[in-house]
Amino acid sequence: MIEDATLIAEVVVSFLLVVAGLFGLVGSLGLVKLDDTMRRLHAPTKATTLGIGGVLIASMIYSAVFLDRLSFHELLITIFLLLTAPITANFIAKSYMHRHVDEADLPPTEGPYGWAVYDAVPEDERPIDTK
Amino acid sequence: MIETALTFAVTCFALALVFNLWHLARAPGVVDRILALDTMVINAIALLNLYGISQGTPVYFEVSMLIAMVGFVSTVAYCRFILRGNIIE
């Protein structure tokens with residue numbers, strides 16, 4: 001019975017590691033192969049983040065089953081990376097727009113303010129005082 | 001079985017690092033270079049964790065947590081520098 005559980009854990013860890021490796025490889029291959037910065041942004045921020053999540057969960061299962069040491073560090077790193085990946089993607093997209101996209105080429109926002117990259121909210125209309 | 005999977009994953013992430021380095025050298029603009037550096041940080045974290053699995057020690061998780069934080073902060077700081085010409089206003 002215990003040997004069965006160990007075998008299942010071994011299969012699961014190996015599967016997660018292989019899938020994570022493939023996701024990481026696909027993410028970086030997309031970074032090299034896609035032909036436009038805004039398209040290139042998709043590959044590393046999505047595929048590579050999934051890949052590293054797979055590695056960390058595999059290591060969590062491995063240390064819980066084979067080393068008798070249940071640790072949540074890996075989950076912490078996974079959550080941290082999953083939280084920060086969209087933020088970095090947003091910042092990189094904003095920097096790209098700032099450098100390469102003209103404001104006149106964009107559709108109107110249909111709100112009281114323009115695009116956040118070019119147009120700041122007027123100081124007397126800010127929801128919180130940032131000064 | 002796990003050793004084979006580990007070798008495969010290490011090979012994949014090492015190849016991914018080579019791709020990132022290639023893109024870092026040939027990128028058309030500074031934004032692409034930031035993206036390549038950010039991906040390199042994530043792949044380095046993956047390699048560190050795989051080494052931690054193969055050695056059976058929890059030390060490398062602390063290291064990768066620190067590298068994850070520093071990588072995120074440096075990416076955001078570089079992007080803010082491009083956007084505003086200033087990091088902390």
# chains A, B, ... in the order shown; residues from 1 in each chain; ligands from 1
>>> closest_atom_pairs(of="chain A", to="chain B", cutoff="9 Å", atoms="only C-alpha atoms", output="JSON lines")
{"residue": "A:Glu10", "atom": "CA", "partner": "B:Ile2", "partner_atom": "CA", "distance": 6.5}
{"residue": "A:Val11", "atom": "CA", "partner": "B:Met1", "partner_atom": "CA", "distance": 7.7}
{"residue": "A:Val13", "atom": "CA", "partner": "B:Ile2", "partner_atom": "CA", "distance": 7.0}
{"residue": "A:Ser14", "atom": "CA", "partner": "B:Ala5", "partner_atom": "CA", "distance": 5.2}
{"residue": "A:Phe15", "atom": "CA", "partner": "B:Ala5", "partner_atom": "CA", "distance": 7.6}
{"residue": "A:Leu16", "atom": "CA", "partner": "B:Ala5", "partner_atom": "CA", "distance": 8.8}
{"residue": "A:Leu17", "atom": "CA", "partner": "B:Ala9", "partner_atom": "CA", "distance": 5.9}
{"residue": "A:Val18", "atom": "CA", "partner": "B:Ala5", "partner_atom": "CA", "distance": 5.7}
{"residue": "A:Val19", "atom": "CA", "partner": "B:Ala9", "partner_atom": "CA", "distance": 8.3}
{"residue": "A:Ala20", "atom": "CA", "partner": "B:Ala9", "partner_atom": "CA", "distance": 7.1}
{"residue": "A:Gly21", "atom": "CA", "partner": "B:Ala9", "partner_atom": "CA", "distance": 4.3}
{"residue": "A:Leu22", "atom": "CA", "partner": "B:Cys12", "partner_atom": "CA", "distance": 6.6}
{"residue": "A:Phe23", "atom": "CA", "partner": "B:Cys12", "partner_atom": "CA", "distance": 8.8}
{"residue": "A:Gly24", "atom": "CA", "partner": "B:Phe13", "partner_atom": "CA", "distance": 6.1}
{"residue": "A:Leu25", "atom": "CA", "partner": "B:Ala16", "partner_atom": "CA", "distance": 5.1}
{"residue": "A:Val26", "atom": "CA", "partner": "B:Ala16", "partner_atom": "CA", "distance": 8.1}
{"residue": "A:Gly27", "atom": "CA", "partner": "B:Ala16", "partner_atom": "CA", "distance": 7.8}
{"residue": "A:Ser28", "atom": "CA", "partner": "B:Ala16", "partner_atom": "CA", "distance": 5.2}
{"residue": "A:Leu29", "atom": "CA", "partner": "B:Phe19", "partner_atom": "CA", "distance": 6.6}
{"residue": "A:Leu31", "atom": "CA", "partner": "B:His23", "partner_atom": "CA", "distance": 7.3}
{"residue": "A:Val32", "atom": "CA", "partner": "B:His23", "partner_atom": "CA", "distance": 5.8}
{"residue": "A:Thr37", "atom": "CA", "partner": "B:Asp32", "partner_atom": "CA", "distance": 6.6}
{"residue": "A:Arg40", "atom": "CA", "partner": "B:Asp32", "partner_atom": "CA", "distance": 8.4}
{"residue": "A:Leu41", "atom": "CA", "partner": "B:Leu35", "partner_atom": "CA", "distance": 7.2}
{"residue": "A:Pro44", "atom": "CA", "partner": "B:Thr39", "partner_atom": "CA", "distance": 6.0}
{"residue": "A:Thr45", "atom": "CA", "partner": "B:Thr39", "partner_atom": "CA", "distance": 7.8}
{"residue": "A:Thr48", "atom": "CA", "partner": "B:Ile42", "partner_atom": "CA", "distance": 7.4}
{"residue": "A:Thr49", "atom": "CA", "partner": "B:Ile42", "partner_atom": "CA", "distance": 7.6}
{"residue": "A:Gly51", "atom": "CA", "partner": "B:Ala46", "partner_atom": "CA", "distance": 8.2}
{"residue": "A:Ile52", "atom": "CA", "partner": "B:Ala46", "partner_atom": "CA", "distance": 5.6}
{"residue": "A:Gly53", "atom": "CA", "partner": "B:Ala46", "partner_atom": "CA", "distance": 8.9}
{"residue": "A:Val55", "atom": "CA", "partner": "B:Ala46", "partner_atom": "CA", "distance": 6.6}
{"residue": "A:Leu56", "atom": "CA", "partner": "B:Asn49", "partner_atom": "CA", "distance": 7.0}
{"residue": "A:Ala58", "atom": "CA", "partner": "B:Ile53", "partner_atom": "CA", "distance": 8.9}
{"residue": "A:Ser59", "atom": "CA", "partner": "B:Ile53", "partner_atom": "CA", "distance": 6.0}
{"residue": "A:Tyr62", "atom": "CA", "partner": "B:Ile53", "partner_atom": "CA", "distance": 7.6}
{"residue": "A:Ser63", "atom": "CA", "partner": "B:Gly56", "partner_atom": "CA", "distance": 7.6}
{"residue": "A:Leu67", "atom": "CA", "partner": "B:Gly56", "partner_atom": "CA", "distance": 7.6}
{"residue": "A:Ser71", "atom": "CA", "partner": "B:Pro58", "partner_atom": "CA", "distance": 8.7}
{"residue": "A:His73", "atom": "CA", "partner": "B:Phe61", "partner_atom": "CA", "distance": 6.6}
{"residue": "A:Glu74", "atom": "CA", "partner": "B:Phe61", "partner_atom": "CA", "distance": 6.8}
{"residue": "A:Leu76", "atom": "CA", "partner": "B:Met65", "partner_atom": "CA", "distance": 8.2}
{"residue": "A:Ile77", "atom": "CA", "partner": "B:Met65", "partner_atom": "CA", "distance": 5.9}
{"residue": "A:Phe80", "atom": "CA", "partner": "B:Ala68", "partner_atom": "CA", "distance": 8.0}
{"residue": "A:Leu81", "atom": "CA", "partner": "B:Ala68", "partner_atom": "CA", "distance": 7.2}
{"residue": "A:Thr84", "atom": "CA", "partner": "B:Phe72", "partner_atom": "CA", "distance": 6.9}
{"residue": "A:Ala85", "atom": "CA", "partner": "B:Phe72", "partner_atom": "CA", "distance": 8.4}
{"residue": "A:Ile87", "atom": "CA", "partner": "B:Val76", "partner_atom": "CA", "distance": 8.3}
{"residue": "A:Thr88", "atom": "CA", "partner": "B:Val76", "partner_atom": "CA", "distance": 6.4}
{"residue": "A:Ala89", "atom": "CA", "partner": "B:Leu35", "partner_atom": "CA", "distance": 8.4}
{"residue": "A:Phe91", "atom": "CA", "partner": "B:Cys79", "partner_atom": "CA", "distance": 6.0}
{"residue": "A:Ile92", "atom": "CA", "partner": "B:Cys79", "partner_atom": "CA", "distance": 6.3}
{"residue": "A:Ala93", "atom": "CA", "partner": "B:Val31", "partner_atom": "CA", "distance": 8.4}
{"residue": "A:Lys94", "atom": "CA", "partner": "B:Leu83", "partner_atom": "CA", "distance": 7.6}
{"residue": "A:Ser95", "atom": "CA", "partner": "B:Leu83", "partner_atom": "CA", "distance": 5.7}
{"residue": "A:Tyr96", "atom": "CA", "partner": "B:Val31", "partner_atom": "CA", "distance": 6.1}
{"residue": "A:His98", "atom": "CA", "partner": "B:Leu83", "partner_atom": "CA", "distance": 6.5}
{"residue": "A:Arg99", "atom": "CA", "partner": "B:Ile82", "partner_atom": "CA", "distance": 8.4}
{"residue": "A:Val117", "atom": "CA", "partner": "B:Leu83", "partner_atom": "CA", "distance": 8.0}
>>> write_last_selection(atoms="C-alpha atoms", output="CSV table (one decimal), in the first residue's frame")
chain,number,residue,atom,x,y,z
A,10,GLU,CA,6.9,9.4,-8.2
A,11,VAL,CA,4.7,9.4,-11.4
A,13,VAL,CA,6.4,14.4,-9.6
A,14,SER,CA,8.0,13.2,-12.9
A,15,PHE,CA,4.9,14.2,-14.9
A,16,LEU,CA,4.9,17.7,-13.3
A,17,LEU,CA,8.7,18.1,-14.0
A,18,VAL,CA,8.4,17.1,-17.6
A,19,VAL,CA,5.4,19.4,-18.3
A,20,ALA,CA,7.0,22.3,-16.4
A,21,GLY,CA,10.2,21.9,-18.5
A,22,LEU,CA,8.2,21.9,-21.7
A,23,PHE,CA,6.3,25.0,-20.6
A,24,GLY,CA,9.5,26.9,-19.7
A,25,LEU,CA,11.1,25.9,-23.1
A,26,VAL,CA,8.0,27.0,-25.0
A,27,GLY,CA,7.9,30.3,-23.2
A,28,SER,CA,11.5,31.2,-24.1
A,29,LEU,CA,11.1,29.8,-27.6
A,31,LEU,CA,10.3,35.0,-26.8
A,32,VAL,CA,12.8,34.4,-29.6
A,37,THR,CA,7.2,43.0,-28.9
A,40,ARG,CA,6.5,38.4,-27.5
A,41,LEU,CA,5.2,39.7,-24.1
A,44,PRO,CA,7.3,34.5,-21.1
A,45,THR,CA,4.6,36.0,-18.9
A,48,THR,CA,7.2,30.5,-18.2
A,49,THR,CA,5.1,31.3,-15.1
A,51,GLY,CA,6.4,26.2,-15.9
A,52,ILE,CA,7.9,27.5,-12.7
A,53,GLY,CA,4.6,26.8,-10.9
A,55,VAL,CA,8.5,22.9,-10.8
A,56,LEU,CA,7.7,24.3,-7.4
A,58,ALA,CA,6.7,19.1,-8.0
A,59,SER,CA,9.3,20.0,-5.4
A,62,TYR,CA,8.7,15.5,-3.6
A,63,SER,CA,9.8,16.8,-0.2
A,67,LEU,CA,11.9,13.5,2.5
A,71,SER,CA,7.1,22.7,3.4
A,73,HIS,CA,8.0,27.8,0.9
A,74,GLU,CA,7.4,26.6,-2.6
A,76,LEU,CA,4.9,31.0,-1.3
A,77,ILE,CA,7.2,31.4,-4.3
A,80,PHE,CA,4.5,35.4,-5.4
A,81,LEU,CA,5.4,34.7,-9.0
A,84,THR,CA,3.9,39.6,-9.9
A,85,ALA,CA,3.9,38.2,-13.5
A,87,ILE,CA,2.3,43.4,-12.9
A,88,THR,CA,5.6,43.1,-14.8
A,89,ALA,CA,3.7,42.4,-18.0
A,91,PHE,CA,4.7,47.6,-16.8
A,92,ILE,CA,6.6,46.3,-19.8
A,93,ALA,CA,3.5,46.9,-22.0
A,94,LYS,CA,3.2,50.5,-20.7
A,95,SER,CA,6.9,51.2,-21.3
A,96,TYR,CA,6.5,49.8,-24.9
A,98,HIS,CA,5.4,55.0,-24.0
A,99,ARG,CA,8.3,54.6,-26.4
A,117,VAL,CA,0.4,56.0,-20.0
>>> select_by_dssp(residues="stretch 1-113 of chain A", states="alpha helix (DSSP H)", output="ChimeraX atom specification")
/A:2-33,37-40,42,49-65,73-100
>>> atom_distance(atom1="atom CA of A:Ala9", atom2="atom CA of A:Leu82")
24.5 Å
>>> atom_distance(atom1="atom CA of A:Ile8", atom2="atom CA of B:Leu48")
25.0 Å
